[in-house]
Amino acid sequence: MERTGPPARYSGLLAAFSATLLAAGTLVASAPAAGAADADLARNGGFEAGLDGWSCTGGSGAAVSTPVHGGTSALRATPAGSDNAKCSQTVTVKPDSTYTLSAWVQGSYVYLGAAGTGTTDVSTWTQSAGAWKQLTTTFRTGPATTSVSVYTHGWFGTPAYYADDLTLVGPGGDPVTLPSVPAGLKAGVPTSSSVPLSWTAATGATGYNVYRGGTKVASVTGTSTTVTGLTASTAYSFQVAATNAAGESAKSAAVTATTTAGGGGGDAGLPAHALVGYLHSSFANGSGYTRMADVPASWDVINLAFGEPTSVTSGDIRFSLCPVAECPNVESEAEFKAAIKAKQAAGKKVLISIGGQNGQVQLSTTAARDAFVSSVSKIIDTYGLDGLDIDFEGHSLSLNTGDTDFRSPTSPVIVNLISAVKSLKAKYGSDFVLTMAPETFFVQLGYQYYGSGPWGGQDPRAGAYLPVIHALRDDLTLLHVQDYNSGSIMGLDNQYHSMGGADFHIAMTDMLLTGFPVAGDPTKVFPALRPEQVAFGLPASTQAGNGHTSPAEVTKALNCLTKKTDCGSYQTHGTWSGLRGLMTWSINWDRFNNWEFSKNFDAYFGG
């Protein structure tokens with residue numbers, strides 16, 4: 001949240017590449033005539049059976065009905081972040097034999113190749129194919145090779161590519177037997193909406209199907225996954241089966257797990273649909289000062305902006321009312337406290353918001369962590385507040401090199417913040433209201449990038465809020481990401497979405513309510529939040545920040561998310577009538593704009 005006009009600091013991470021990095025001199029061989037015993041060994045090479053037989057990294061692939069080269073389906077795969085949208089299958093072959101691999105492709109920088117040949121692995125590619133183009137290459141298997149992996153992929157940061165009618169022609173290998181049944185299935189520590197699972201590798205397996213109550217819910221290539229979208233306080237039964245080209249093994253012995261109750265992150269006394277706003281209590285800007293007593297009843301959660309540290313790394317947070325010199329109409333401390341009590345008596349929640357655009361907070365030491373807990377507690381006690389809003393922006397949160405798993409963070413600023421908030425929650429109990437207002441850079445961008453990345457060089461702040469949200473999800477009352485002052489962000493449709501219209505809010509919120517693989521890694525899925533934990537944030541006026549959305553577009557976004565109407569081209573992964581509501585920066589700017597934002601909210605939800 002910024003005190004003045006919108007900042008120009010947002011810089012999205014861009015994927016770029018050079019043609020000089022492409023595999024120079026790749027062999028493209030003409031296909032020799034097939035022998036009498038040769039056959040097409042590729043399974044479902046025309047994608048008429050969807051992705052049956054294929055595995056695509058990061059969920060990047062899908063079968064589509066247009067464009068197609070032959071039949072009624074083709075593969076569409078979309079690179080994202082460090083994922084080049086590789087779709088592959090393992091094929092049984094004979095040793096010391098020659099094979100011809102061919103496919104029809106369309107798109108920029110599309111690759112076709114074979115790996116694990118036992119001799120020289122091959123690939124071929126085409127650049128900027130505007131129409132269907134056939135790629136062909138040949139290889140010979142080694143003396144001990146009995147299977148190869150054939151694949152297609154695109155290139156980092158490029159649009160979706162298409163592939164169809166893939167064939168692998170050559171002598172068939174010995175029949176493949178079914179893999180063994182997976183053993184050692186274990187459930188990890190559940191949350192209120194997810195259960196992590198792991199098992200030991202099965203002999204002969206190339207993949208695994210995961211079942212919940214007898215229904216397949218996931219297909220993975222590794223030996224672990226997290227099942228998401230579960231209901232709190234519910235017992236579930238899970239099994240896993242191994243797969244290969246011959247089919248699927250019998251299912252493993254079942255393991256049961258019960259999701260948690262959701263901790264204290266429940267309603268906390270909020271209405272079914274809540275309006276959240278920030279009140280400029282400690283400073284003045286062009287929107288003018290608004291006294292607490294003058295905040296309309298429309299606002300269900302009032303965040304006091306802001307508590308700020310005495311220094312970036314001190315952890316010592318201070319809050320005071322706007323000086324009279326800046327805000328001539330500021331109320332007295334006694335009047336302010338009395339107005340807070342009156343709001344609470346009317347069922348409203350008043351929180352202290354820590355951070356903002358200017359309030360950088362880095363809890364890099366345990367001393368800073370402890371100072372944060374004691375100083376925030378003092379503010380809450382002094383003003384009789386209901387809880388805490390975390391609005392860490394800028395460089396407050398970042399991930400150290402090597403901190404690559406949001407489920408087990410190691411960076412001190414992350415670990416200490418989580419510990420501090422848990423201490424506050426333990427001190428104030430189940431009625432403690434905890435909200436967060438991260439920017440998209442720190443949350444949804446994590447779908448493509450996480451921290452400095454596996455090879456370094458990325459912005460270490462990318463996705464840095466994810467471990468905080470995940471660790472505190474059972475204590476979290478409400479997450480309202482700032483859908484403004486943002487660059488374009490890739491949604492779960494692997495398309496980029498830009499702020500200012502319904503589409504951006506729909507795509508960004510769908511990610512939170514569906515869950516997503518972090519940095520495209522299917523083994524590291526950020527689980528969905530409950531709909532009552534989610535709102536989305538907007539500027540209250542054009543002066544309040546970049547990305548102002550008209551009331552009509554806000555209504556479209558709400559219709560799509562809660563009723564699955566007015567969705568436009570984006571298809572959500574569910575319908576969430578329990579979506580908590582909206583957040584805005586700010587109450588002051590809404591007053592400046594004749595209360596347009598809150599009036600629209602009241603009209604929609606019948607406030």
# chains A, B, ... in the order shown; residues from 1 in each chain; ligands from 1
call {"tool": "select_by_dssp", "arguments": {"residues": "segment 179-326 of chain A", "states": "strand (DSSP E or B)", "output": "ChimeraX atom specification"}}
result
/A:186-187,195-198,207-212,215-220,224-227,235-244,247-248,255-258,274-280,301-309,317-318
call {"tool": "closest_atom_pairs", "arguments": {"of": "segment 333-380 of chain A", "to": "segment 437-447 of chain A", "cutoff": "12 Å", "atoms": "only C-alpha atoms", "output": "CSV"}}
result
residue,atom,partner,partner_atom,distance
A:Ser353,CA,A:Ala437,CA,9.2
A:Ile354,CA,A:Ala437,CA,10.1
A:Gly355,CA,A:Ala437,CA,10.0
A:Gly356,CA,A:Ala437,CA,9.3
A:Gln357,CA,A:Glu439,CA,10.8
call {"tool": "atom_distance", "arguments": {"atom1": "atom CA of Lys186 of chain A", "atom2": "atom CA of Val525 of chain A"}}
result
17.6 Å
call {"tool": "closest_residue", "arguments": {"among": "A:Gly463, A:Gly547, A:Pro179, A:Gly537", "to": "His497 of chain A", "atoms": "only C-alpha atoms"}}
result
A:Gly547
call {"tool": "atom_distance", "arguments": {"atom1": "atom CA of Asp566 of chain A", "atom2": "atom CA of Gly501 of chain A"}}
result
12.1 Å
call {"tool": "residues_around", "arguments": {"residues": "segment 231-243 of chain A", "least_positions_apart": "3", "cutoff": "7 Å", "atoms": "only C-alpha atoms", "output": "ChimeraX atom specification"}}
result
/A:179-182,192-193,202,205-213,247-262
call {"tool": "write_last_selection", "arguments": {"atoms": "C-alpha atoms", "output": "compact mmCIF listing (two decimals), in the first residue's frame"}}
result
# COMPACT_ATOMS: atom_id res chain seq x y z
CA PRO A 179 5.09 -52.75 -12.42
CA SER A 180 5.11 -54.00 -8.86
CA VAL A 181 2.64 -52.66 -6.31
CA PRO A 182 4.00 -49.58 -4.47
CA SER A 192 -7.04 -28.31 7.15
CA SER A 193 -7.20 -28.74 3.36
CA ALA A 202 7.96 -49.66 -7.43
CA ALA A 205 7.23 -48.09 -12.70
CA THR A 206 7.42 -45.00 -14.88
CA GLY A 207 4.67 -43.18 -13.00
CA TYR A 208 2.07 -43.41 -10.26
CA ASN A 209 -1.67 -42.81 -9.90
CA VAL A 210 -2.91 -41.54 -6.56
CA TYR A 211 -6.40 -42.45 -5.35
CA ARG A 212 -8.60 -40.87 -2.69
CA GLY A 213 -11.49 -43.06 -1.62
CA GLY A 247 -0.76 -50.47 -17.67
CA GLU A 248 -1.41 -50.03 -13.96
CA SER A 249 -0.49 -52.24 -11.02
CA ALA A 250 -2.86 -53.17 -8.26
CA LYS A 251 -3.41 -50.46 -5.68
CA SER A 252 -1.30 -50.28 -2.55
CA ALA A 253 -2.56 -50.85 0.94
CA ALA A 254 -4.64 -47.88 2.04
CA VAL A 255 -3.47 -45.23 4.46
CA THR A 256 -5.86 -42.89 6.28
CA ALA A 257 -5.37 -39.29 7.40
CA THR A 258 -7.64 -36.71 9.00
CA THR A 259 -7.39 -33.06 8.09
CA THR A 260 -7.08 -30.52 10.89
CA ALA A 261 -9.90 -28.35 12.17
CA GLY A 262 -8.40 -25.21 10.65
call {"tool": "select_by_dssp", "arguments": {"residues": "segment 310-525 of chain A", "states": "alpha helix (DSSP H)", "output": "VMD selection string"}}
result
chain A and resid 333 to 345 366 to 383 412 to 428 466 to 471 502 to 514
call {"tool": "residues_around", "arguments": {"residues": "Val195 of chain A", "least_positions_apart": "6", "cutoff": "7 Å", "atoms": "only C-alpha atoms", "output": "ChimeraX atom specification"}}
result
/A:187-189,226-228
call {"tool": "closest_residue", "arguments": {"among": "A:Leu385, A:Ala160, A:Ile587, A:Ala272", "to": "Ala80 of chain A", "atoms": "only C-alpha atoms"}}
result
A:Ala160
call {"tool": "residues_around", "arguments": {"residues": "segment 40-42 of chain A", "least_positions_apart": "3", "cutoff": "6 Å", "atoms": "only C-alpha atoms", "output": "NGL selection string"}}
result
:A and (45 or 167-169)
call {"tool": "residues_around", "arguments": {"residues": "Pro531 of chain A", "least_positions_apart": "6", "cutoff": "9 Å", "atoms": "only C-alpha atoms", "output": "list in words"}}
result
Leu512, Leu513, Trp576, Ser577, Gly578, Leu579 and Arg580 of chain A
call {"tool": "write_last_selection", "arguments": {"atoms": "N, CA and C atoms", "output": "CSV table (one decimal), in the first residue's frame"}}
result
chain,number,residue,atom,x,y,z
A,512,LEU,N,-5.4,-19.0,-5.9
A,512,LEU,CA,-5.5,-19.1,-4.4
A,512,LEU,C,-6.5,-20.2,-4.0
A,513,LEU,N,-7.6,-20.3,-4.7
A,513,LEU,CA,-8.7,-21.2,-4.4
A,513,LEU,C,-8.5,-22.6,-5.0
A,576,TRP,N,-17.1,-20.6,-5.9
A,576,TRP,CA,-16.9,-20.4,-4.5
A,576,TRP,C,-17.9,-19.3,-4.0
A,577,SER,N,-19.1,-19.8,-3.7
A,577,SER,CA,-20.1,-18.8,-3.1
A,577,SER,C,-19.6,-18.3,-1.8
A,578,GLY,N,-18.7,-19.0,-1.1
A,578,GLY,CA,-18.3,-18.5,0.2
A,578,GLY,C,-17.1,-17.6,0.2
A,579,LEU,N,-16.7,-17.1,-1.0
A,579,LEU,CA,-15.6,-16.1,-1.1
A,579,LEU,C,-15.9,-15.0,-0.2
A,580,ARG,N,-14.9,-14.6,0.7
A,580,ARG,CA,-15.2,-13.7,1.8
A,580,ARG,C,-15.5,-12.3,1.3
call {"tool": "residues_around", "arguments": {"residues": "Trp125 of chain A", "least_positions_apart": "5", "cutoff": "7 Å", "atoms": "only C-alpha atoms", "output": "list in words"}}
result
Tyr109, Val110, Tyr111 and Leu112 of chain A
call {"tool": "write_last_selection", "arguments": {"atoms": "C-alpha atoms", "output": "mmCIF file, in the first residue's frame"}}
result
data_model
loop_
_atom_site.group_PDB
_atom_site.id
_atom_site.type_symbol
_atom_site.label_atom_id
_atom_site.label_comp_id
_atom_site.auth_asym_id
_atom_site.auth_seq_id
_atom_site.Cartn_x
_atom_site.Cartn_y
_atom_site.Cartn_z
ATOM 1 C CA TYR A 109 11.006 -23.281 -31.064
ATOM 2 C CA VAL A 110 9.412 -26.706 -30.896
ATOM 3 C CA TYR A 111 11.664 -29.661 -30.120
ATOM 4 C CA LEU A 112 11.317 -33.381 -30.842
#
call {"tool": "closest_residue", "arguments": {"among": "A:Phe406, A:Trp589, A:Phe605, A:Phe392", "to": "Thr523 of chain A", "atoms": "only C-alpha atoms"}}
result
A:Phe406
call {"tool": "atom_distance", "arguments": {"atom1": "atom CA of Leu321 of chain A", "atom2": "atom CA of Phe283 of chain A"}}
result
7.4 Å
call {"tool": "closest_residue", "arguments": {"among": "A:Val433, A:Leu424, A:Leu399, A:Ala528", "to": "Gly456 of chain A", "atoms": "only C-alpha atoms"}}
result
A:Leu399
call {"tool": "decode", "arguments": {"residues": "segment 122-154 of chain A", "atoms": "N, CA, C and O atoms", "output": "compact mmCIF listing (two decimals), in the first residue's frame"}}
result
# COMPACT_ATOMS: atom_id res chain seq x y z
N VAL A 122 19.20 -37.92 -29.50
CA VAL A 122 18.97 -37.04 -30.65
C VAL A 122 17.83 -36.07 -30.36
O VAL A 122 16.95 -36.33 -29.53
N SER A 123 17.87 -34.95 -31.05
CA SER A 123 16.74 -34.02 -31.04
C SER A 123 16.80 -33.17 -32.29
O SER A 123 17.86 -33.02 -32.91
N THR A 124 15.66 -32.66 -32.66
CA THR A 124 15.57 -31.74 -33.78
C THR A 124 14.55 -30.68 -33.41
O THR A 124 13.73 -30.87 -32.51
N TRP A 125 14.59 -29.53 -34.05
CA TRP A 125 13.69 -28.45 -33.67
C TRP A 125 13.37 -27.58 -34.87
O TRP A 125 14.04 -27.63 -35.91
N THR A 126 12.34 -26.80 -34.71
CA THR A 126 11.98 -25.83 -35.74
C THR A 126 11.74 -24.49 -35.09
O THR A 126 11.26 -24.41 -33.95
N GLN A 127 12.08 -23.43 -35.79
CA GLN A 127 11.92 -22.07 -35.27
C GLN A 127 10.77 -21.37 -35.98
O GLN A 127 10.73 -21.32 -37.21
N SER A 128 9.84 -20.83 -35.17
CA SER A 128 8.76 -20.01 -35.68
C SER A 128 7.97 -20.69 -36.78
O SER A 128 7.75 -20.12 -37.86
N ALA A 129 7.57 -21.91 -36.52
CA ALA A 129 6.72 -22.61 -37.48
C ALA A 129 5.31 -22.04 -37.40
O ALA A 129 4.62 -22.22 -36.41
N GLY A 130 4.86 -21.33 -38.45
CA GLY A 130 3.55 -20.72 -38.44
C GLY A 130 2.44 -21.66 -38.83
O GLY A 130 1.27 -21.37 -38.65
N ALA A 131 2.79 -22.79 -39.41
CA ALA A 131 1.81 -23.80 -39.79
C ALA A 131 2.39 -25.15 -39.41
O ALA A 131 3.52 -25.25 -38.93
N TRP A 132 1.62 -26.20 -39.60
CA TRP A 132 2.10 -27.53 -39.25
C TRP A 132 3.35 -27.87 -40.05
O TRP A 132 3.41 -27.67 -41.26
N LYS A 133 4.35 -28.39 -39.36
CA LYS A 133 5.61 -28.77 -39.98
C LYS A 133 6.04 -30.11 -39.40
O LYS A 133 5.94 -30.33 -38.19
N GLN A 134 6.54 -30.99 -40.24
CA GLN A 134 6.97 -32.30 -39.76
C GLN A 134 8.43 -32.27 -39.34
O GLN A 134 9.30 -31.78 -40.07
N LEU A 135 8.70 -32.77 -38.14
CA LEU A 135 10.05 -32.96 -37.65
C LEU A 135 10.34 -34.45 -37.63
O LEU A 135 9.49 -35.25 -37.24
N THR A 136 11.55 -34.82 -38.07
CA THR A 136 11.93 -36.23 -38.12
C THR A 136 13.39 -36.39 -37.72
O THR A 136 14.23 -35.57 -38.10
N THR A 137 13.69 -37.42 -36.96
CA THR A 137 15.06 -37.75 -36.62
C THR A 137 15.16 -39.26 -36.42
O THR A 137 14.15 -39.93 -36.23
N THR A 138 16.37 -39.80 -36.52
CA THR A 138 16.57 -41.23 -36.33
C THR A 138 17.63 -41.47 -35.27
O THR A 138 18.46 -40.61 -34.99
N PHE A 139 17.60 -42.66 -34.69
CA PHE A 139 18.62 -43.03 -33.72
C PHE A 139 18.76 -44.55 -33.71
O PHE A 139 17.87 -45.28 -34.19
N ARG A 140 19.86 -44.99 -33.15
CA ARG A 140 20.08 -46.42 -32.98
C ARG A 140 20.26 -46.70 -31.49
O ARG A 140 20.95 -45.97 -30.79
N THR A 141 19.63 -47.74 -31.02
CA THR A 141 19.73 -48.08 -29.60
C THR A 141 21.04 -48.80 -29.30
O THR A 141 21.66 -49.40 -30.18
N GLY A 142 21.45 -48.71 -28.05
CA GLY A 142 22.67 -49.38 -27.61
C GLY A 142 22.47 -50.86 -27.40
O GLY A 142 21.34 -51.37 -27.44
N PRO A 143 23.54 -51.57 -27.11
CA PRO A 143 23.46 -53.03 -26.99
C PRO A 143 22.65 -53.52 -25.80
O PRO A 143 22.22 -54.68 -25.77
N ALA A 144 22.41 -52.64 -24.81
CA ALA A 144 21.65 -53.05 -23.63
C ALA A 144 20.37 -52.23 -23.46
O ALA A 144 19.70 -52.33 -22.43
N THR A 145 20.01 -51.44 -24.44
CA THR A 145 18.86 -50.54 -24.32
C THR A 145 17.56 -51.28 -24.60
O THR A 145 17.41 -51.90 -25.66
N THR A 146 16.63 -51.19 -23.66
CA THR A 146 15.33 -51.83 -23.84
C THR A 146 14.18 -50.82 -23.78
O THR A 146 13.03 -51.19 -24.00
N SER A 147 14.48 -49.57 -23.45
CA SER A 147 13.43 -48.54 -23.46
C SER A 147 14.08 -47.18 -23.72
O SER A 147 15.25 -46.96 -23.37
N VAL A 148 13.33 -46.29 -24.34
CA VAL A 148 13.77 -44.92 -24.57
C VAL A 148 12.64 -43.98 -24.19
O VAL A 148 11.47 -44.38 -24.12
N SER A 149 12.99 -42.73 -23.95
CA SER A 149 11.99 -41.69 -23.70
C SER A 149 11.92 -40.80 -24.93
O SER A 149 12.93 -40.25 -25.38
N VAL A 150 10.73 -40.67 -25.51
CA VAL A 150 10.53 -39.75 -26.62
C VAL A 150 9.79 -38.53 -26.09
O VAL A 150 8.95 -38.65 -25.18
N TYR A 151 10.07 -37.37 -26.63
CA TYR A 151 9.53 -36.16 -26.02
C TYR A 151 9.37 -35.03 -27.04
O TYR A 151 9.98 -35.05 -28.13
N THR A 152 8.55 -34.08 -26.66
CA THR A 152 8.49 -32.78 -27.30
C THR A 152 8.65 -31.74 -26.21
O THR A 152 8.33 -31.97 -25.05
N HIS A 153 9.16 -30.59 -26.56
CA HIS A 153 9.14 -29.47 -25.62
C HIS A 153 9.27 -28.16 -26.37
O HIS A 153 9.67 -28.12 -27.54
N GLY A 154 8.93 -27.06 -25.68
CA GLY A 154 9.10 -25.73 -26.24
C GLY A 154 10.35 -25.09 -25.67
O GLY A 154 11.32 -25.77 -25.33
